[in-house]
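See below for model_14.cif, which holds mmCIF, C-alpha atoms.
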```cif
data_start
loop_
_atom_site.group_PDB
_atom_site.id
_atom_site.type_symbol
_atom_site.label_atom_id
_atom_site.label_comp_id
_atom_site.auth_asym_id
_atom_site.auth_seq_id
_atom_site.Cartn_x
_atom_site.Cartn_y
_atom_site.Cartn_z
ATOM 1 C CA MET A 18 0.000 0.000 0.000
ATOM 2 C CA THR A 19 1.335 3.405 -0.978
ATOM 3 C CA GLN A 20 0.615 6.009 1.662
ATOM 4 C CA LYS A 21 0.753 9.806 1.417
ATOM 5 C CA GLY A 22 4.236 11.115 2.011
ATOM 6 C CA GLY A 23 6.001 8.691 -0.320
ATOM 7 C CA MET A 24 6.103 5.701 2.031
ATOM 8 C CA ASP A 25 5.455 2.295 0.439
ATOM 9 C CA LEU A 26 4.765 0.423 3.630
ATOM 10 C CA PRO A 27 2.208 -2.351 4.036
ATOM 11 C CA ARG A 28 -0.398 -1.785 6.708
ATOM 12 C CA ARG A 29 -0.298 -4.710 9.099
ATOM 13 C CA SER A 30 -3.176 -3.601 11.301
ATOM 14 C CA ALA A 31 -6.519 -2.349 10.058
ATOM 15 C CA ASP A 32 -7.050 -0.106 13.074
ATOM 16 C CA LEU A 33 -3.485 1.297 13.236
ATOM 17 C CA HIS A 34 -3.428 0.335 16.919
ATOM 18 C CA GLY A 35 -6.000 2.997 17.689
ATOM 19 C CA ASN A 36 -9.578 4.041 17.211
ATOM 20 C CA ALA A 37 -10.613 6.770 14.752
ATOM 21 C CA PRO A 38 -14.298 6.225 14.026
ATOM 22 C CA HIS A 39 -14.459 8.965 11.397
ATOM 23 C CA GLU A 40 -13.870 8.368 7.713
ATOM 24 C CA SER A 41 -13.910 11.591 5.744
ATOM 25 C CA LYS A 42 -12.130 13.167 2.784
ATOM 26 C CA GLN A 43 -12.040 16.444 4.739
ATOM 27 C CA ALA A 44 -10.628 17.242 8.159
ATOM 28 C CA LEU A 45 -10.776 20.496 10.108
ATOM 29 C CA VAL A 46 -7.459 21.166 11.857
ATOM 30 C CA ILE A 47 -7.298 23.696 14.702
ATOM 31 C CA ILE A 48 -3.711 24.741 15.345
ATOM 32 C CA ASP A 49 -2.541 26.172 18.698
ATOM 33 C CA ALA A 50 -5.915 27.703 19.534
ATOM 34 C CA ILE A 51 -5.652 26.261 23.043
ATOM 35 C CA ASN A 52 -3.196 28.869 24.210
ATOM 36 C CA ASP A 53 -2.887 31.108 27.247
ATOM 37 C CA LEU A 54 -1.610 33.951 25.021
ATOM 38 C CA GLU A 55 0.669 35.023 27.845
ATOM 39 C CA TRP A 56 3.950 34.712 25.973
ATOM 40 C CA GLU A 57 6.112 37.713 25.172
ATOM 41 C CA GLY A 58 4.947 39.475 22.030
ATOM 42 C CA ALA A 59 1.406 38.072 22.098
ATOM 43 C CA GLU A 60 -0.235 41.432 22.826
ATOM 44 C CA PRO A 61 -1.301 42.181 19.210
ATOM 45 C CA LEU A 62 -2.705 38.667 18.776
ATOM 46 C CA ARG A 63 -4.816 39.051 21.895
ATOM 47 C CA ARG A 64 -6.738 41.854 20.189
ATOM 48 C CA THR A 65 -7.929 39.606 17.366
ATOM 49 C CA ALA A 66 -7.913 36.167 18.991
ATOM 50 C CA VAL A 67 -11.537 36.173 20.166
ATOM 51 C CA LYS A 68 -12.842 37.352 16.788
ATOM 52 C CA VAL A 69 -10.904 34.596 15.033
ATOM 53 C CA ALA A 70 -12.012 32.030 17.631
ATOM 54 C CA LYS A 71 -15.653 32.916 16.962
ATOM 55 C CA ALA A 72 -15.143 32.290 13.256
ATOM 56 C CA ILE A 73 -13.423 28.962 13.982
ATOM 57 C CA ALA A 74 -16.236 27.984 16.352
ATOM 58 C CA HIS A 75 -18.875 28.617 13.669
ATOM 59 C CA LEU A 76 -16.859 26.625 11.138
ATOM 60 C CA LYS A 77 -16.310 23.804 13.638
ATOM 61 C CA ALA A 78 -20.039 23.619 14.376
ATOM 62 C CA ARG A 79 -20.740 23.176 10.671
ATOM 63 C CA ALA A 80 -18.010 20.550 10.362
ATOM 64 C CA THR A 81 -19.359 18.615 13.339
ATOM 65 C CA ALA A 82 -22.889 18.723 11.943
ATOM 66 C CA ALA A 83 -21.560 17.272 8.681
ATOM 67 C CA ARG A 84 -19.607 14.568 10.587
ATOM 68 C CA VAL A 85 -16.294 15.971 9.375
ATOM 69 C CA PRO A 86 -13.591 15.266 11.991
ATOM 70 C CA CYS A 87 -12.055 18.115 13.995
ATOM 71 C CA ILE A 88 -8.445 17.722 15.064
ATOM 72 C CA TYR A 89 -6.724 19.955 17.622
ATOM 73 C CA VAL A 90 -3.007 20.211 16.904
ATOM 74 C CA ASN A 91 -1.399 21.967 19.825
ATOM 75 C CA ASP A 92 1.967 22.885 21.287
ATOM 76 C CA ASN A 93 3.038 20.797 24.239
ATOM 77 C CA PHE A 94 4.354 23.997 25.875
ATOM 78 C CA GLY A 95 7.849 22.511 25.843
ATOM 79 C CA MET A 96 7.081 19.832 28.418
ATOM 80 C CA TRP A 97 7.155 16.194 27.376
ATOM 81 C CA ARG A 98 4.869 15.372 30.293
ATOM 82 C CA SER A 99 2.165 17.626 28.857
ATOM 83 C CA ASP A 100 -1.447 16.513 28.984
ATOM 84 C CA PHE A 101 -3.852 18.103 26.511
ATOM 85 C CA HIS A 102 -6.814 18.231 28.889
ATOM 86 C CA ALA A 103 -4.648 19.831 31.558
ATOM 87 C CA GLN A 104 -3.561 22.400 28.976
ATOM 88 C CA VAL A 105 -7.179 23.185 28.173
ATOM 89 C CA ASP A 106 -7.923 23.738 31.856
ATOM 90 C CA HIS A 107 -4.790 25.862 32.302
ATOM 91 C CA CYS A 108 -5.564 28.085 29.317
ATOM 92 C CA ALA A 109 -9.216 28.411 30.345
ATOM 93 C CA GLU A 110 -8.033 30.155 33.519
ATOM 94 C CA SER A 111 -5.950 32.704 31.611
ATOM 95 C CA PRO A 112 -7.406 36.223 31.287
ATOM 96 C CA TYR A 113 -6.193 36.231 27.669
ATOM 97 C CA GLY A 114 -6.619 32.664 26.487
ATOM 98 C CA GLY A 115 -9.701 31.932 28.563
ATOM 99 C CA PRO A 116 -12.232 33.608 26.224
ATOM 100 C CA VAL A 117 -10.775 31.652 23.300
ATOM 101 C CA VAL A 118 -11.015 28.337 25.163
ATOM 102 C CA ALA A 119 -14.609 29.161 26.098
ATOM 103 C CA LEU A 120 -15.424 29.296 22.385
ATOM 104 C CA LEU A 121 -13.288 26.358 21.276
ATOM 105 C CA ARG A 122 -13.242 23.873 24.127
ATOM 106 C CA PRO A 123 -12.900 20.419 22.522
ATOM 107 C CA ASN A 124 -15.836 18.034 22.401
ATOM 108 C CA PRO A 125 -15.481 14.356 23.369
ATOM 109 C CA GLU A 126 -15.614 13.279 19.716
ATOM 110 C CA ASP A 127 -12.747 15.573 18.677
ATOM 111 C CA TYR A 128 -9.179 14.383 18.168
ATOM 112 C CA TYR A 129 -6.034 16.005 19.504
ATOM 113 C CA ILE A 130 -2.331 15.839 18.717
ATOM 114 C CA LEU A 131 0.461 17.380 20.783
ATOM 115 C CA LYS A 132 3.306 18.691 18.643
ATOM 116 C CA ALA A 133 6.912 19.409 19.513
ATOM 117 C CA LYS A 134 7.744 21.966 16.832
ATOM 118 C CA HIS A 135 6.047 24.459 14.527
ATOM 119 C CA SER A 136 4.611 21.920 12.097
ATOM 120 C CA GLY A 137 1.804 19.704 13.269
ATOM 121 C CA PHE A 138 3.374 16.861 11.291
ATOM 122 C CA TYR A 139 6.880 16.988 12.736
ATOM 123 C CA ALA A 140 7.527 13.989 15.024
ATOM 124 C CA SER A 141 3.799 13.571 15.652
ATOM 125 C CA PRO A 142 1.139 10.953 14.763
ATOM 126 C CA LEU A 143 -0.918 13.465 12.754
ATOM 127 C CA HIS A 144 -0.162 11.866 9.389
ATOM 128 C CA LEU A 145 -1.057 8.438 10.729
ATOM 129 C CA LEU A 146 -4.397 9.712 12.039
ATOM 130 C CA LEU A 147 -5.213 11.471 8.769
ATOM 131 C CA ASP A 148 -4.308 8.360 6.806
ATOM 132 C CA HIS A 149 -6.673 6.303 8.946
ATOM 133 C CA ILE A 150 -9.458 8.856 8.459
ATOM 134 C CA LYS A 151 -8.697 8.798 4.697
ATOM 135 C CA ALA A 152 -8.502 12.579 4.592
ATOM 136 C CA GLU A 153 -7.562 14.275 1.331
ATOM 137 C CA GLU A 154 -8.304 17.941 2.125
ATOM 138 C CA LEU A 155 -7.139 19.712 5.280
ATOM 139 C CA ILE A 156 -8.883 22.892 6.369
ATOM 140 C CA LEU A 157 -6.333 24.679 8.528
ATOM 141 C CA THR A 158 -7.282 27.213 11.195
ATOM 142 C CA GLY A 159 -5.655 28.751 14.265
ATOM 143 C CA PHE A 160 -2.528 30.617 15.343
ATOM 144 C CA THR A 161 -0.267 31.899 13.907
ATOM 145 C CA THR A 162 -0.501 32.301 10.148
ATOM 146 C CA ASP A 163 3.194 33.076 9.711
ATOM 147 C CA SER A 164 4.478 30.293 11.945
ATOM 148 C CA CYS A 165 2.672 27.104 12.926
ATOM 149 C CA VAL A 166 -0.083 27.414 10.317
ATOM 150 C CA LEU A 167 2.524 28.101 7.623
ATOM 151 C CA PHE A 168 4.748 25.156 8.573
ATOM 152 C CA THR A 169 1.816 22.766 8.947
ATOM 153 C CA ALA A 170 0.370 23.822 5.592
ATOM 154 C CA THR A 171 3.707 23.300 3.853
ATOM 155 C CA ASP A 172 4.159 19.865 5.381
ATOM 156 C CA ALA A 173 0.595 18.962 4.397
ATOM 157 C CA TYR A 174 1.358 19.925 0.814
ATOM 158 C CA LEU A 175 4.508 17.787 0.826
ATOM 159 C CA ARG A 176 2.320 14.860 1.868
ATOM 160 C CA ASP A 177 -0.079 15.472 -1.039
ATOM 161 C CA TYR A 178 -3.002 16.831 0.944
ATOM 162 C CA ARG A 179 -5.097 19.607 -0.535
ATOM 163 C CA VAL A 180 -4.850 22.641 1.724
ATOM 164 C CA THR A 181 -7.663 25.107 2.368
ATOM 165 C CA ILE A 182 -7.185 28.067 4.696
ATOM 166 C CA PRO A 183 -10.184 30.183 5.748
ATOM 167 C CA GLU A 184 -8.557 33.597 6.053
ATOM 168 C CA ASP A 185 -10.886 34.748 8.843
ATOM 169 C CA CYS A 186 -10.002 31.673 10.926
ATOM 170 C CA VAL A 187 -6.244 32.310 11.151
ATOM 171 C CA ALA A 188 -4.274 35.196 12.595
ATOM 172 C CA SER A 189 -0.767 36.498 13.219
ATOM 173 C CA CYS A 190 0.552 39.024 15.676
ATOM 174 C CA HIS A 191 0.891 41.523 12.834
ATOM 175 C CA ALA A 192 -1.476 42.060 9.914
ATOM 176 C CA ARG A 193 1.354 42.350 7.384
ATOM 177 C CA ASP A 194 2.738 38.930 8.388
ATOM 178 C CA HIS A 195 -0.736 37.412 8.140
ATOM 179 C CA LYS A 196 -1.305 38.834 4.654
ATOM 180 C CA ARG A 197 2.169 37.973 3.395
ATOM 181 C CA SER A 198 1.923 34.391 4.637
ATOM 182 C CA LEU A 199 -1.431 33.802 2.979
ATOM 183 C CA GLU A 200 -0.092 35.178 -0.296
ATOM 184 C CA LEU A 201 2.954 32.913 -0.040
ATOM 185 C CA LEU A 202 0.858 29.822 0.694
ATOM 186 C CA GLU A 203 -1.468 30.584 -2.179
ATOM 187 C CA SER A 204 1.358 31.039 -4.673
ATOM 188 C CA SER A 205 3.832 28.391 -3.493
ATOM 189 C CA ILE A 206 1.705 25.427 -2.442
ATOM 190 C CA LYS A 207 -1.531 26.373 -4.228
ATOM 191 C CA ALA A 208 -3.450 26.620 -0.969
ATOM 192 C CA ARG A 209 -7.055 27.647 -1.394
ATOM 193 C CA ILE A 210 -7.546 30.884 0.550
ATOM 194 C CA VAL A 211 -11.229 31.636 1.136
ATOM 195 C CA ALA A 212 -13.638 33.085 3.660
ATOM 196 C CA SER A 213 -14.943 30.484 6.091
ATOM 197 C CA ARG A 214 -18.494 30.995 4.843
ATOM 198 C CA ALA A 215 -17.378 29.749 1.409
ATOM 199 C CA ILE A 216 -16.296 26.352 2.750
ATOM 200 C CA ARG A 217 -18.666 23.531 1.975
ATOM 201 C CA PHE A 218 -18.370 20.388 4.034
ATOM 202 C CA LYS A 219 -19.063 17.110 2.278
ATOM 203 C CA ARG A 220 -20.965 14.826 4.578
ATOM 204 C CA PRO A 221 -19.345 11.379 4.483
ATOM 205 C CA HIS A 222 -21.480 8.460 3.398
ATOM 206 C CA ALA A 223 -22.869 6.485 6.292
#
```

Target encoding structure tokens, full file:
Amino acid sequence: MTQKGGMDLPRRSADLHGNAPHESKQALVIIDAINDLEWEGAEPLRRTAVKVAKAIAHLKARATAARVPCIYVNDNFGMWRSDFHAQVDHCAESPYGGPVVALLRPNPEDYYILKAKHSGFYASPLHLLLDHIKAEELILTGFTTDSCVLFTATDAYLRDYRVTIPEDCVASCHARDHKRSLELLESSIKARIVASRAIRFKRPHA
């Protein structure tokens, strides 16, 4: 079996040693939205984070209604003992990240991946999960456009996924970096840059 990413490896286990009940050609990926926004330099992002989170929340609700899987891809905050649910609780208590978590708190049916670096694919099981889901198009949202969204989008392209980025569902600390990154992704990896309202979710067959 040839898998995305150029690996010709036979699959020995049908369930990949895990359980991913979804099967969908689309997947909504939420990058670093669970964040306390208390790091140095985050001040400009704090001013737009809630607006972007509202747009992501609306998009996520539509994805969930269409049975399209939602995957949180989040920093481990530099600690290899990190626990995603503990991170959610920590960020919910932040005066800056709390309002975002209130809008985007994960549901029990959502998936989550903790990442070590900027890209959600680097040294993580994200590709394995997406392969199991049979995803072909990734809809990338979250923070920040010029860093983790950019690196994840590029790695997705290298693995032959189609990349869609709703421009109102991503943000950078500075508007010029946000705009420049979207232009780069559109021209270099042919990412589809659209408003979130233009995204149509394809309900998987039962």

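Between CA of Leu143 in chain A and CA of Arg217 in chain A the separation is 23.1 Å.
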
Between range 43-148 of chain A and range 166-188 of chain A, at 8 Å or less, what are the per-residue closest atom pairs and their distances in Å? Count only C-alpha atoms, order by chain and rising residue number, and return it as a tab-separated table.
```
residue	atom	partner	partner_atom	distance
A:Ile48	CA	A:Val166	CA	6.8
A:Leu62	CA	A:Ala188	CA	7.3
A:Thr65	CA	A:Ala188	CA	7.5
A:Ala66	CA	A:Ala188	CA	7.4
A:Val69	CA	A:Cys186	CA	5.1
A:Ala70	CA	A:Cys186	CA	7.0
A:Ala72	CA	A:Cys186	CA	5.7
A:Ile73	CA	A:Cys186	CA	5.3
A:His135	CA	A:Phe168	CA	6.1
A:Ser136	CA	A:Thr169	CA	4.3
A:Gly137	CA	A:Thr169	CA	5.3
A:Phe138	CA	A:Thr169	CA	6.5
```

- Message: My list of candidates is A:Gly114, A:Pro123, A:Pro38, A:Pro221. Which is closest to Val67 in chain A when distances are computed with all atoms listed in the file?
- Response: A:Gly114

- Measure the distance from CA of Ile130 in chain A to CA of Ala74 in chain A in Å and round it to one decimal. 18.6 Å

- Query: Within 12 Å of (-15.0, 31.2, 29.3), only C-alpha atoms: residues as a ChimeraX atom specification?
  - Reply: /A:67,105-122

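Once the PyMOL selection byres ((chain A and resi 40) around 9) is applied to the shown structure, the selection contains Ala37, Pro38, His39, Ser41, Lys42, Gln43, Arg84, Val85, Pro86, His149, Ile150, Lys151, Ala152, Pro221 and His222 of chain A.
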
Expected file contents, prior selection, C-alpha atoms, as a compact mmCIF listing (two decimals), in the frame of the given file:
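File out.txt, as written:
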```txt
# COMPACT_ATOMS: atom_id res chain seq x y z
CA ALA A 37 -10.61 6.77 14.75
CA PRO A 38 -14.30 6.22 14.03
CA HIS A 39 -14.46 8.96 11.40
CA SER A 41 -13.91 11.59 5.74
CA LYS A 42 -12.13 13.17 2.78
CA GLN A 43 -12.04 16.44 4.74
CA ARG A 84 -19.61 14.57 10.59
CA VAL A 85 -16.29 15.97 9.38
CA PRO A 86 -13.59 15.27 11.99
CA HIS A 149 -6.67 6.30 8.95
CA ILE A 150 -9.46 8.86 8.46
CA LYS A 151 -8.70 8.80 4.70
CA ALA A 152 -8.50 12.58 4.59
CA PRO A 221 -19.34 11.38 4.48
CA HIS A 222 -21.48 8.46 3.40
```

- Find the residues near Ala82 in chain A: any atom within 12 Å, counting only C-alpha atoms, skip ones fewer than 3 places away on the same chain, and give them as a PyMOL selection string. chain A and resi 75-79+85-87+126+217-221

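Taking CA of Ser213 in chain A and CA of Leu45 in chain A as the two end points, the separation is 11.5 Å.
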
- Message: Using only C-alpha atoms, can you tell me which of A:Ala44, A:Leu145, A:Val211, A:Ala192 comes closest to Ala83 in chain A?
- Response: A:Ala44

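When only C-alpha atoms are used to measure the gap to Lys71 in chain A, the shortest distance among A:Glu57, A:Lys196, A:Thr158, A:Asn52 belongs to A:Thr158.
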
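Considering all atoms listed in the file, the residue among A:Trp56, A:Ser141, A:Lys207, A:Thr162 positioned nearest to Arg193 in chain A is A:Thr162.
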
- Message: Neighbouring residues of Val46 in chain A were defined as those with any atom within 6 Å, considering only C-alpha atoms; residues of the same chain fewer than 3 positions away were excluded. Please report them as a ChimeraX atom specification.
- Response: /A:87-89,156-157
